[in-house]
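*Asks:* Let me begin by handing over the structure; questions about it come next.
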Amino acid sequence: MNEAPKSLNFLEHIVEEDLKNGFPKEQLRFRFPPEPNGYLHIGHASSICLNFGLGLRYDSPVNLRFDDTNPVKEEQEFVDAIKRDVKWLGYNWDTERYASDYFQQLYDWAIVLIKKGKAYIDSQSSEEMAAQKGTPNEPGGHSPFRDRSIDENIRLFEAMKKGEFEEGTHVLRAKIDMSSSNMLMRDPIMYRILHKVHHRTKSDWCIYPMYDWTHGESDYIEQVSHSLCTLEFAMHRELYDWFLDQVYDERTVRPKQREFARRNLSHTVVSKRKLLKLVEEGVVNGWNDPRMPTISGLRRRGYTPESIRNFADTIGIAKRENLIDVSLLEFHVREHLNKVSPRVMGVLDPIKVVITNYPEGEEEWLEAENNPGDESAGTRKVPFSGEIYIEKNDFREEANRKFFRLKLGGEVRLKSAYIIKAESCTKDTDGNITEIQCTYDPKSKSGSGTQESLRKVKGTLHWVSVKHAFEAEVRIYDRLFLDESPDTHKDKDFMDFVNPDSLKVIKGFLEPSLKNAKVEDRVQFQRLGYFCVDPDSTSENLVFNRTVTLRDTWAKIQQNN
RNA sequence: UGGCCUAUGGUGUAAUUGGCAACACAGCUGGUUUUGGUCCAGUCGUUCUAGGUUCGAGUCCUAGUAGGCCAACCA
């Protein structure tokens with residue numbers, strides 16, 4: 001907010017332009033309008049950051065408005081989840097609103113339209129109406145009910161409201177233009193009959209307003225100045241304005257709809273239907289599975305609100321098609337986690353190292369820094385002993401100069417501990433290495449300041465003391481889809497691209513300081529990645545989710561060979 | 001036989017509104033480093049096509065091309 005001149009996106013330009021043309025800054029108001037029929041995902045997060053970001057930028061109120069005009073699909077559970085997610089992202093709405101709060105006002109205005117001859121009751125079936133609607137290339141025809149008298153329209157509409165008709169028997173339509181090139185202007189439906197219980201208004205209503213009739217008028221009621229939505233609503237703008245014209249009073253703020261392109265993330269899907277399929281077919285374990293692009297999934301995965309906000313800020317906003325590489329999201333979570341997460345040591349694929357010259361039965365507690373980039377993070381004690389675990393792939397019997405980890409005859413630094421040298425290793429009958437024998441240099445202790453401790457050795461390994469380490473469950477997550485755009489292939493289903501290795505559950509050996517880690521704690525397992533404590537954790541069985549690996553140039557080197 | 005929207009490095013977004021095309025990510029090279037992390041330095045590479053207006057066009061105009069959206073009693 002307070003840094004040097006940041007360039008504006010096209011929506012901010014529009015606001016600036018309005019301000020320049022005399023729109024009072026105090027009357028700026030925005031809204032985030034989710035339909036409570038599903039969970040918020042990363043795409044919504046961008047929209048949330050956009051609208052609330054505008055609120056922050058101009059110090060303007062932002063309403064959280066639930067667009068709950070369809071009782072068939074909407075539930076309180078989603079309202080609660082959405083509120084939790086928006087809060088978690090770090091935003092505060094001015095007021096919590098519901099389109100259903102406006103049902104009476106909307107009804108009254110509908111009567112006004114009928115009286116002005118701008119709306120009528122159509123008693124055809126939906127099939128008949130569809131057939132009449134024409135196509136984008138051909139104009140539609142008029143309904144035989146289009147010229148009902150105002151009195152009859154009023155009488156029928158009231159009867160609809162009283163519940164005197166079956167679902168599907170009548171609708172209220174705006175009387176606009178059946179030959180418009182914009183299909184939405186061909187006498188759009190304003191109300192339909194639905195004998196359903198609404199999550200808030202219960203059984204008060206059996207007629208429910210449609211989106212187009214509701215949304216703009218709700219913006220108007222709330223005096224939202226800029227109503228931002230995605231591109232597919234661009235054609236709705238003409239209707240949005242037409243409806244507004246019917247009730248607009250010059251003395252009030254006239255809401256302005258503008259459209260932006262939704263932002264697509266690579267290697268993922270976000271449509272409700274597809275996410276539901278992943279849940280129902282057991283590809284993932286629920287809506288908040290750490291592989292899901294839902295806010296709750298990202299949270300459980302270990303993403304921070306800051307990283308998501310920074311991501312949204314970086315990708316910007318425009319009107320063209322886009323596919324943002326997920327590596328940018330990963331960059332932002334690494335960037336933030338690098339600053340805030342304590343470093344710890346854990347070995348996920350252990351091999352035992354015996355330090356042959358370490359005094360039998362002895363142990364010592366060494367000082368280790370919690371974050372080399374942040375002195376204020378302090379230090380902690382880590383136990384060392386004559387038997388430790390290191391990662392299997394940190395040892396090779398022989399290797400070239402590029403491999404600066406442990407090899408026979410070679411030296412390596414144990415992070416925050418001593419320099420060791422591999423002398424020999426033992427194998428089982430299949431030739432698998434089962435143990436490595438090393439010697440250590442007692443004078444090389446980290447931080448001791450001795451000549452030996454200051455020696456430069458190329459490699460530094462993380463480790464845990466066998467005797468002190470404890471076991472925990474570690475869930476290694478990877479991208480859910482192997483294809484960057486799994487749901488855009490004409491000949492293939494997105495399910496064909498599910499990564500079979502998106503989750504591996506393993507056992508890790510962790511340093512004892514982690515024993516009292518709490519759910520949602522985030523740490524960096526040194527040299528491995530960032531991990532987050534999962535809510536499945538119990539006091540006997542801690543569960544860590546891998547949020548993201550560290551950048552791994554070694555992996556890249558190996559890949560290129 | 002339509003209407004609306006869009007087109008800038010590999011990706012995303014900018015360009016003081018007509019004035020030297022920039023920022024981030026990704027890639028590559030080197031340096032620092034008790035994390036092959038971080039950090040630092042460097043490097044690669046861009047205005048869909050064809051005309052037009054202009055001293056000057058990514059920006060304005062025309063045509064073309066490519067992509068997206070539009071015919072739910074969904075939002």
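Letters A, B, ... go to the chains of the structure tokens in the order shown; residues in each chain start at 1; ligands are counted from 1 in the same order.
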Counting only C-alpha atoms (C1' of nucleotides), a student should be able to say which residues of chain B come within 10 Å of chain A; what is the right answer, written as JSON, numbers by chain?

*Replies:* {"B": [1, 2, 3, 4, 5, 6, 7, 11, 12, 13, 14, 15, 23, 24, 25, 26, 34, 35, 36, 37, 38, 39, 67, 68, 69, 70, 71, 72, 73, 74, 75]}

*Asks:* Write a file of the selected residues as an mmCIF file, in the first residue's frame, keeping C-alpha atoms (C1' of nucleotides).

*Replies:*
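See selection18.cif below for the written result:
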data_model
loop_
_atom_site.group_PDB
_atom_site.id
_atom_site.type_symbol
_atom_site.label_atom_id
_atom_site.label_comp_id
_atom_site.auth_asym_id
_atom_site.auth_seq_id
_atom_site.Cartn_x
_atom_site.Cartn_y
_atom_site.Cartn_z
ATOM 1 C "C1'" U B 1 -25.585 -15.961 -40.989
ATOM 2 C "C1'" G B 2 -25.313 -12.108 -36.132
ATOM 3 C "C1'" G B 3 -23.563 -9.577 -31.582
ATOM 4 C "C1'" C B 4 -19.930 -8.574 -27.683
ATOM 5 C "C1'" C B 5 -14.868 -8.980 -25.861
ATOM 6 C "C1'" U B 6 -9.574 -9.848 -26.400
ATOM 7 C "C1'" A B 7 -4.531 -9.968 -28.859
ATOM 8 C "C1'" U B 11 4.040 -17.141 -18.293
ATOM 9 C "C1'" G B 12 1.401 -12.988 -16.056
ATOM 10 C "C1'" U B 13 1.015 -7.817 -15.961
ATOM 11 C "C1'" A B 14 2.609 -2.605 -17.100
ATOM 12 C "C1'" A B 15 3.959 1.610 -20.333
ATOM 13 C "C1'" C B 23 8.374 -5.232 -13.735
ATOM 14 C "C1'" A B 24 7.756 -10.098 -11.610
ATOM 15 C "C1'" C B 25 8.039 -15.349 -12.382
ATOM 16 C "C1'" A B 26 10.418 -19.127 -15.245
ATOM 17 C "C1'" U B 34 27.429 -24.350 7.841
ATOM 18 C "C1'" U B 35 20.375 -25.347 3.753
ATOM 19 C "C1'" G B 36 22.654 -27.293 -3.887
ATOM 20 C "C1'" G B 37 17.814 -22.724 0.396
ATOM 21 C "C1'" U B 38 18.192 -17.387 1.043
ATOM 22 C "C1'" C B 39 20.864 -13.213 -0.809
ATOM 23 C "C1'" G B 67 -8.924 -16.979 -29.446
ATOM 24 C "C1'" G B 68 -13.005 -16.390 -25.835
ATOM 25 C "C1'" C B 69 -18.205 -15.458 -24.671
ATOM 26 C "C1'" C B 70 -23.714 -15.248 -25.994
ATOM 27 C "C1'" A B 71 -29.927 -19.222 -27.203
ATOM 28 C "C1'" A B 72 -30.623 -22.452 -17.979
ATOM 29 C "C1'" C B 73 -37.478 -21.077 -14.860
ATOM 30 C "C1'" C B 74 -28.304 -21.284 -12.788
ATOM 31 C "C1'" A B 75 -25.161 -17.530 -10.845
#

*Asks:* Skipping near chain neighbours, those fewer than 2 positions away, what residues fall within 9 Å of G18 of chain B using only C-alpha atoms (C1' of nucleotides), listed as JSON, numbers by chain?

*Replies:* {"B": [54, 56, 57, 59, 60]}

*Asks:* Measure the distance from atom CA of Thr230 of chain A to atom CA of Ala45 of chain A in Å and round it to one decimal.

*Replies:*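 A separation of 13.2 Å between them.
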
*Asks:* Segment 324-486 of chain A: which residues are helix (DSSP H, G or I) by DSSP, as a list in words?

*Replies:*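 Here are the helix (DSSP H, G or I) residues of segment 324-486 of chain A: Val326, Ser327, Leu328, Leu329, Glu330, Phe331, His332, Val333, Arg334, Glu335, His336, Leu337, Asn338, Lys339, Val340, Glu375, Ser376, Ala377, Lys392, Asn393, Asp394, Pro442, Lys443, Ser444, Glu452, Ser453 and Leu454 of chain A.
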
*Asks:* Near segment 51-53 of chain B, counting only C-alpha atoms (C1' of nucleotides), which residues have an atom at most 9 Å away, once you skip same-chain residues fewer than 3 positions from it, shown as a ChimeraX atom specification?

*Replies:* /B:60-63

*Asks:* Interatomic distance between atom C1' of C48 of chain B and atom C1' of G64 of chain B?

*Replies:*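 One can read the atom C1' of C48 of chain B to atom C1' of G64 of chain B distance as 10.6 Å.
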
*Asks:* Between A:Thr379, A:Ser502, A:Ser385, A:Ser149, which is the closest to Arg475 of chain A once you count only C-alpha atoms?

*Replies:*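 Closest to Arg475 of chain A of all the choices is A:Ser502.
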
*Asks:* Could you jot down the atom CA of Pro442 of chain A to atom CA of Gly508 of chain A separation for me, Å, one decimal place?

*Replies:*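 That distance, rounded to one decimal, is 28.1 Å.
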
*Asks:* Just list the residues in segment 426-554 of chain A DSSP gives strand (DSSP E) on the backbone, as a PDB file with N, CA and C atoms, in the first residue's frame.

*Replies:*
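Ended up saving to out_38.pdb:
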ATOM      1  N   THR A 426      28.313 -50.674   5.237  1.00  0.00           N
ATOM      2  CA  THR A 426      27.959 -52.093   5.199  1.00  0.00           C
ATOM      3  C   THR A 426      26.687 -52.273   4.385  1.00  0.00           C
ATOM      4  N   LYS A 427      26.577 -53.460   3.782  1.00  0.00           N
ATOM      5  CA  LYS A 427      25.438 -53.729   2.921  1.00  0.00           C
ATOM      6  C   LYS A 427      24.761 -55.034   3.310  1.00  0.00           C
ATOM      7  N   ILE A 433      22.864 -50.582   0.881  1.00  0.00           N
ATOM      8  CA  ILE A 433      23.642 -50.025   1.995  1.00  0.00           C
ATOM      9  C   ILE A 433      22.743 -49.937   3.226  1.00  0.00           C
ATOM     10  N   THR A 434      23.229 -50.475   4.336  1.00  0.00           N
ATOM     11  CA  THR A 434      22.418 -50.476   5.555  1.00  0.00           C
ATOM     12  C   THR A 434      22.982 -49.562   6.636  1.00  0.00           C
ATOM     13  N   GLU A 435      24.249 -49.258   6.522  1.00  0.00           N
ATOM     14  CA  GLU A 435      24.857 -48.411   7.551  1.00  0.00           C
ATOM     15  C   GLU A 435      26.136 -47.811   7.015  1.00  0.00           C
ATOM     16  N   ILE A 436      26.412 -46.596   7.467  1.00  0.00           N
ATOM     17  CA  ILE A 436      27.648 -45.928   7.056  1.00  0.00           C
ATOM     18  C   ILE A 436      28.475 -45.680   8.304  1.00  0.00           C
ATOM     19  N   GLN A 437      29.760 -46.003   8.211  1.00  0.00           N
ATOM     20  CA  GLN A 437      30.637 -45.722   9.337  1.00  0.00           C
ATOM     21  C   GLN A 437      31.455 -44.468   9.027  1.00  0.00           C
ATOM     22  N   CYS A 438      31.426 -43.559   9.981  1.00  0.00           N
ATOM     23  CA  CYS A 438      32.146 -42.294   9.810  1.00  0.00           C
ATOM     24  C   CYS A 438      33.016 -42.025  11.024  1.00  0.00           C
ATOM     25  N   THR A 439      33.936 -41.108  10.835  1.00  0.00           N
ATOM     26  CA  THR A 439      34.645 -40.546  11.980  1.00  0.00           C
ATOM     27  C   THR A 439      34.327 -39.068  12.000  1.00  0.00           C
ATOM     28  N   TYR A 440      34.405 -38.458  13.176  1.00  0.00           N
ATOM     29  CA  TYR A 440      34.141 -37.025  13.233  1.00  0.00           C
ATOM     30  C   TYR A 440      35.352 -36.298  13.781  1.00  0.00           C
ATOM     31  N   THR A 460      26.848 -29.600   3.212  1.00  0.00           N
ATOM     32  CA  THR A 460      26.282 -29.571   4.556  1.00  0.00           C
ATOM     33  C   THR A 460      25.002 -30.392   4.541  1.00  0.00           C
ATOM     34  N   LEU A 461      24.897 -31.321   5.468  1.00  0.00           N
ATOM     35  CA  LEU A 461      23.724 -32.206   5.495  1.00  0.00           C
ATOM     36  C   LEU A 461      22.883 -31.971   6.739  1.00  0.00           C
ATOM     37  N   VAL A 464      19.360 -36.233  12.068  1.00  0.00           N
ATOM     38  CA  VAL A 464      18.754 -36.310  13.407  1.00  0.00           C
ATOM     39  C   VAL A 464      19.458 -37.405  14.197  1.00  0.00           C
ATOM     40  N   SER A 465      19.474 -37.263  15.495  1.00  0.00           N
ATOM     41  CA  SER A 465      20.062 -38.278  16.363  1.00  0.00           C
ATOM     42  C   SER A 465      19.076 -39.445  16.483  1.00  0.00           C
ATOM     43  N   PHE A 470      12.001 -38.561  16.853  1.00  0.00           N
ATOM     44  CA  PHE A 470      10.710 -39.230  17.000  1.00  0.00           C
ATOM     45  C   PHE A 470      10.077 -39.376  15.631  1.00  0.00           C
ATOM     46  N   GLU A 471       9.194 -40.338  15.537  1.00  0.00           N
ATOM     47  CA  GLU A 471       8.562 -40.597  14.250  1.00  0.00           C
ATOM     48  C   GLU A 471       7.286 -39.790  14.089  1.00  0.00           C
ATOM     49  N   ALA A 472       7.067 -39.330  12.880  1.00  0.00           N
ATOM     50  CA  ALA A 472       5.824 -38.623  12.580  1.00  0.00           C
ATOM     51  C   ALA A 472       5.399 -39.004  11.180  1.00  0.00           C
ATOM     52  N   GLU A 473       4.095 -38.827  10.929  1.00  0.00           N
ATOM     53  CA  GLU A 473       3.599 -39.091   9.586  1.00  0.00           C
ATOM     54  C   GLU A 473       3.867 -37.860   8.731  1.00  0.00           C
ATOM     55  N   VAL A 474       4.374 -38.110   7.544  1.00  0.00           N
ATOM     56  CA  VAL A 474       4.635 -36.991   6.643  1.00  0.00           C
ATOM     57  C   VAL A 474       3.909 -37.249   5.332  1.00  0.00           C
ATOM     58  N   ARG A 475       3.110 -36.271   4.932  1.00  0.00           N
ATOM     59  CA  ARG A 475       2.361 -36.411   3.689  1.00  0.00           C
ATOM     60  C   ARG A 475       3.017 -35.546   2.614  1.00  0.00           C
ATOM     61  N   ILE A 476       3.559 -36.241   1.632  1.00  0.00           N
ATOM     62  CA  ILE A 476       4.267 -35.559   0.554  1.00  0.00           C
ATOM     63  C   ILE A 476       3.297 -35.290  -0.583  1.00  0.00           C
ATOM     64  N   TYR A 477       2.944 -34.028  -0.703  1.00  0.00           N
ATOM     65  CA  TYR A 477       1.994 -33.648  -1.747  1.00  0.00           C
ATOM     66  C   TYR A 477       2.708 -33.123  -2.980  1.00  0.00           C
ATOM     67  N   LEU A 503       0.094 -37.810  -3.842  1.00  0.00           N
ATOM     68  CA  LEU A 503       0.256 -37.952  -2.380  1.00  0.00           C
ATOM     69  C   LEU A 503       1.017 -39.218  -2.045  1.00  0.00           C
ATOM     70  N   LYS A 504       2.072 -39.032  -1.248  1.00  0.00           N
ATOM     71  CA  LYS A 504       2.787 -40.189  -0.704  1.00  0.00           C
ATOM     72  C   LYS A 504       2.834 -40.002   0.804  1.00  0.00           C
ATOM     73  N   VAL A 505       2.382 -41.008   1.507  1.00  0.00           N
ATOM     74  CA  VAL A 505       2.421 -40.915   2.961  1.00  0.00           C
ATOM     75  C   VAL A 505       3.633 -41.695   3.449  1.00  0.00           C
ATOM     76  N   ILE A 506       4.515 -41.022   4.134  1.00  0.00           N
ATOM     77  CA  ILE A 506       5.731 -41.691   4.620  1.00  0.00           C
ATOM     78  C   ILE A 506       5.930 -41.404   6.105  1.00  0.00           C
ATOM     79  N   LYS A 507       6.981 -42.020   6.620  1.00  0.00           N
ATOM     80  CA  LYS A 507       7.320 -41.836   8.022  1.00  0.00           C
ATOM     81  C   LYS A 507       8.573 -40.976   8.063  1.00  0.00           C
ATOM     82  N   GLY A 508       8.576 -39.985   8.910  1.00  0.00           N
ATOM     83  CA  GLY A 508       9.758 -39.144   9.018  1.00  0.00           C
ATOM     84  C   GLY A 508      10.341 -39.228  10.415  1.00  0.00           C
ATOM     85  N   PHE A 509      11.630 -38.961  10.517  1.00  0.00           N
ATOM     86  CA  PHE A 509      12.301 -38.935  11.823  1.00  0.00           C
ATOM     87  C   PHE A 509      12.691 -37.499  12.111  1.00  0.00           C
ATOM     88  N   LEU A 510      12.074 -36.958  13.147  1.00  0.00           N
ATOM     89  CA  LEU A 510      12.191 -35.521  13.371  1.00  0.00           C
ATOM     90  C   LEU A 510      12.914 -35.184  14.655  1.00  0.00           C
ATOM     91  N   ARG A 522       3.875 -23.889  10.904  1.00  0.00           N
ATOM     92  CA  ARG A 522       4.615 -24.052   9.650  1.00  0.00           C
ATOM     93  C   ARG A 522       6.110 -24.010   9.924  1.00  0.00           C
ATOM     94  N   VAL A 523       6.831 -24.961   9.371  1.00  0.00           N
ATOM     95  CA  VAL A 523       8.285 -25.019   9.570  1.00  0.00           C
ATOM     96  C   VAL A 523       8.972 -25.330   8.248  1.00  0.00           C
ATOM     97  N   GLN A 524      10.266 -25.063   8.231  1.00  0.00           N
ATOM     98  CA  GLN A 524      11.047 -25.521   7.094  1.00  0.00           C
ATOM     99  C   GLN A 524      11.880 -26.708   7.555  1.00  0.00           C
ATOM    100  N   PHE A 525      11.673 -27.850   6.924  1.00  0.00           N
ATOM    101  CA  PHE A 525      12.584 -28.963   7.140  1.00  0.00           C
ATOM    102  C   PHE A 525      13.788 -28.614   6.277  1.00  0.00           C
ATOM    103  N   GLY A 529      12.049 -28.643   2.379  1.00  0.00           N
ATOM    104  CA  GLY A 529      10.862 -27.884   1.985  1.00  0.00           C
ATOM    105  C   GLY A 529      10.133 -27.339   3.197  1.00  0.00           C
ATOM    106  N   TYR A 530       8.971 -26.763   2.909  1.00  0.00           N
ATOM    107  CA  TYR A 530       8.151 -26.207   3.976  1.00  0.00           C
ATOM    108  C   TYR A 530       7.039 -27.186   4.304  1.00  0.00           C
ATOM    109  N   PHE A 531       6.779 -27.333   5.588  1.00  0.00           N
ATOM    110  CA  PHE A 531       5.785 -28.290   6.043  1.00  0.00           C
ATOM    111  C   PHE A 531       4.860 -27.635   7.054  1.00  0.00           C
ATOM    112  N   CYS A 532       3.663 -28.188   7.148  1.00  0.00           N
ATOM    113  CA  CYS A 532       2.631 -27.591   7.983  1.00  0.00           C
ATOM    114  C   CYS A 532       1.940 -28.716   8.762  1.00  0.00           C
ATOM    115  N   VAL A 533       1.653 -28.476  10.036  1.00  0.00           N
ATOM    116  CA  VAL A 533       1.033 -29.522  10.851  1.00  0.00           C
ATOM    117  C   VAL A 533      -0.447 -29.661  10.488  1.00  0.00           C
ATOM    118  N   VAL A 543       1.123 -35.203  12.243  1.00  0.00           N
ATOM    119  CA  VAL A 543       1.082 -35.315  10.785  1.00  0.00           C
ATOM    120  C   VAL A 543       1.553 -33.999  10.170  1.00  0.00           C
ATOM    121  N   PHE A 544       2.547 -34.112   9.286  1.00  0.00           N
ATOM    122  CA  PHE A 544       3.051 -32.920   8.594  1.00  0.00           C
ATOM    123  C   PHE A 544       2.722 -32.993   7.113  1.00  0.00           C
ATOM    124  N   ASN A 545       2.197 -31.894   6.584  1.00  0.00           N
ATOM    125  CA  ASN A 545       1.941 -31.808   5.146  1.00  0.00           C
ATOM    126  C   ASN A 545       3.073 -31.039   4.487  1.00  0.00           C
ATOM    127  N   ARG A 546       3.557 -31.548   3.373  1.00  0.00           N
ATOM    128  CA  ARG A 546       4.538 -30.744   2.649  1.00  0.00           C
ATOM    129  C   ARG A 546       3.802 -29.689   1.838  1.00  0.00           C
ATOM    130  N   THR A 547       4.079 -28.435   2.144  1.00  0.00           N
ATOM    131  CA  THR A 547       3.459 -27.329   1.418  1.00  0.00           C
ATOM    132  C   THR A 547       4.097 -27.224   0.037  1.00  0.00           C
ATOM    133  N   VAL A 548       5.416 -27.114   0.050  1.00  0.00           N
ATOM    134  CA  VAL A 548       6.160 -26.959  -1.202  1.00  0.00           C
ATOM    135  C   VAL A 548       7.618 -27.304  -0.906  1.00  0.00           C
ATOM    136  N   THR A 549       8.309 -27.788  -1.910  1.00  0.00           N
ATOM    137  CA  THR A 549       9.733 -28.076  -1.716  1.00  0.00           C
ATOM    138  C   THR A 549      10.511 -26.766  -1.734  1.00  0.00           C
TER     139      THR A 549
END

*Asks:* Would you mind telling me which residue in A:Ile176, A:Asp534, A:Ile388, A:Phe32 lies nearest to Glu238 of chain A when using only C-alpha atoms?

*Replies:* A:Ile176

*Asks:* Out of A:Arg29, A:Lys445, A:His41, A:Lys116, which residue has the shortest atom-to-atom distance to Lys272 of chain A when counting only C-alpha atoms?

*Replies:*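 Among the listed residues, A:His41 lies closest to Lys272 of chain A.
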
*Asks:* Can you pull out the residues contacting Ala119 of chain A? Cut-off 8 Å, using only C-alpha atoms (C1' of nucleotides), and skip same-chain residues under 6 positions away; I want them as a PyMOL selection string.

*Replies:* chain A and resi 110+113+172-175

*Asks:* Could you tell me which of B:C40, B:U65, B:G10, B:U46 comes closest to A22 of chain B if we count only C-alpha atoms (C1' of nucleotides)?

*Replies:*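 Among the listed residues, B:U46 lies closest to A22 of chain B.
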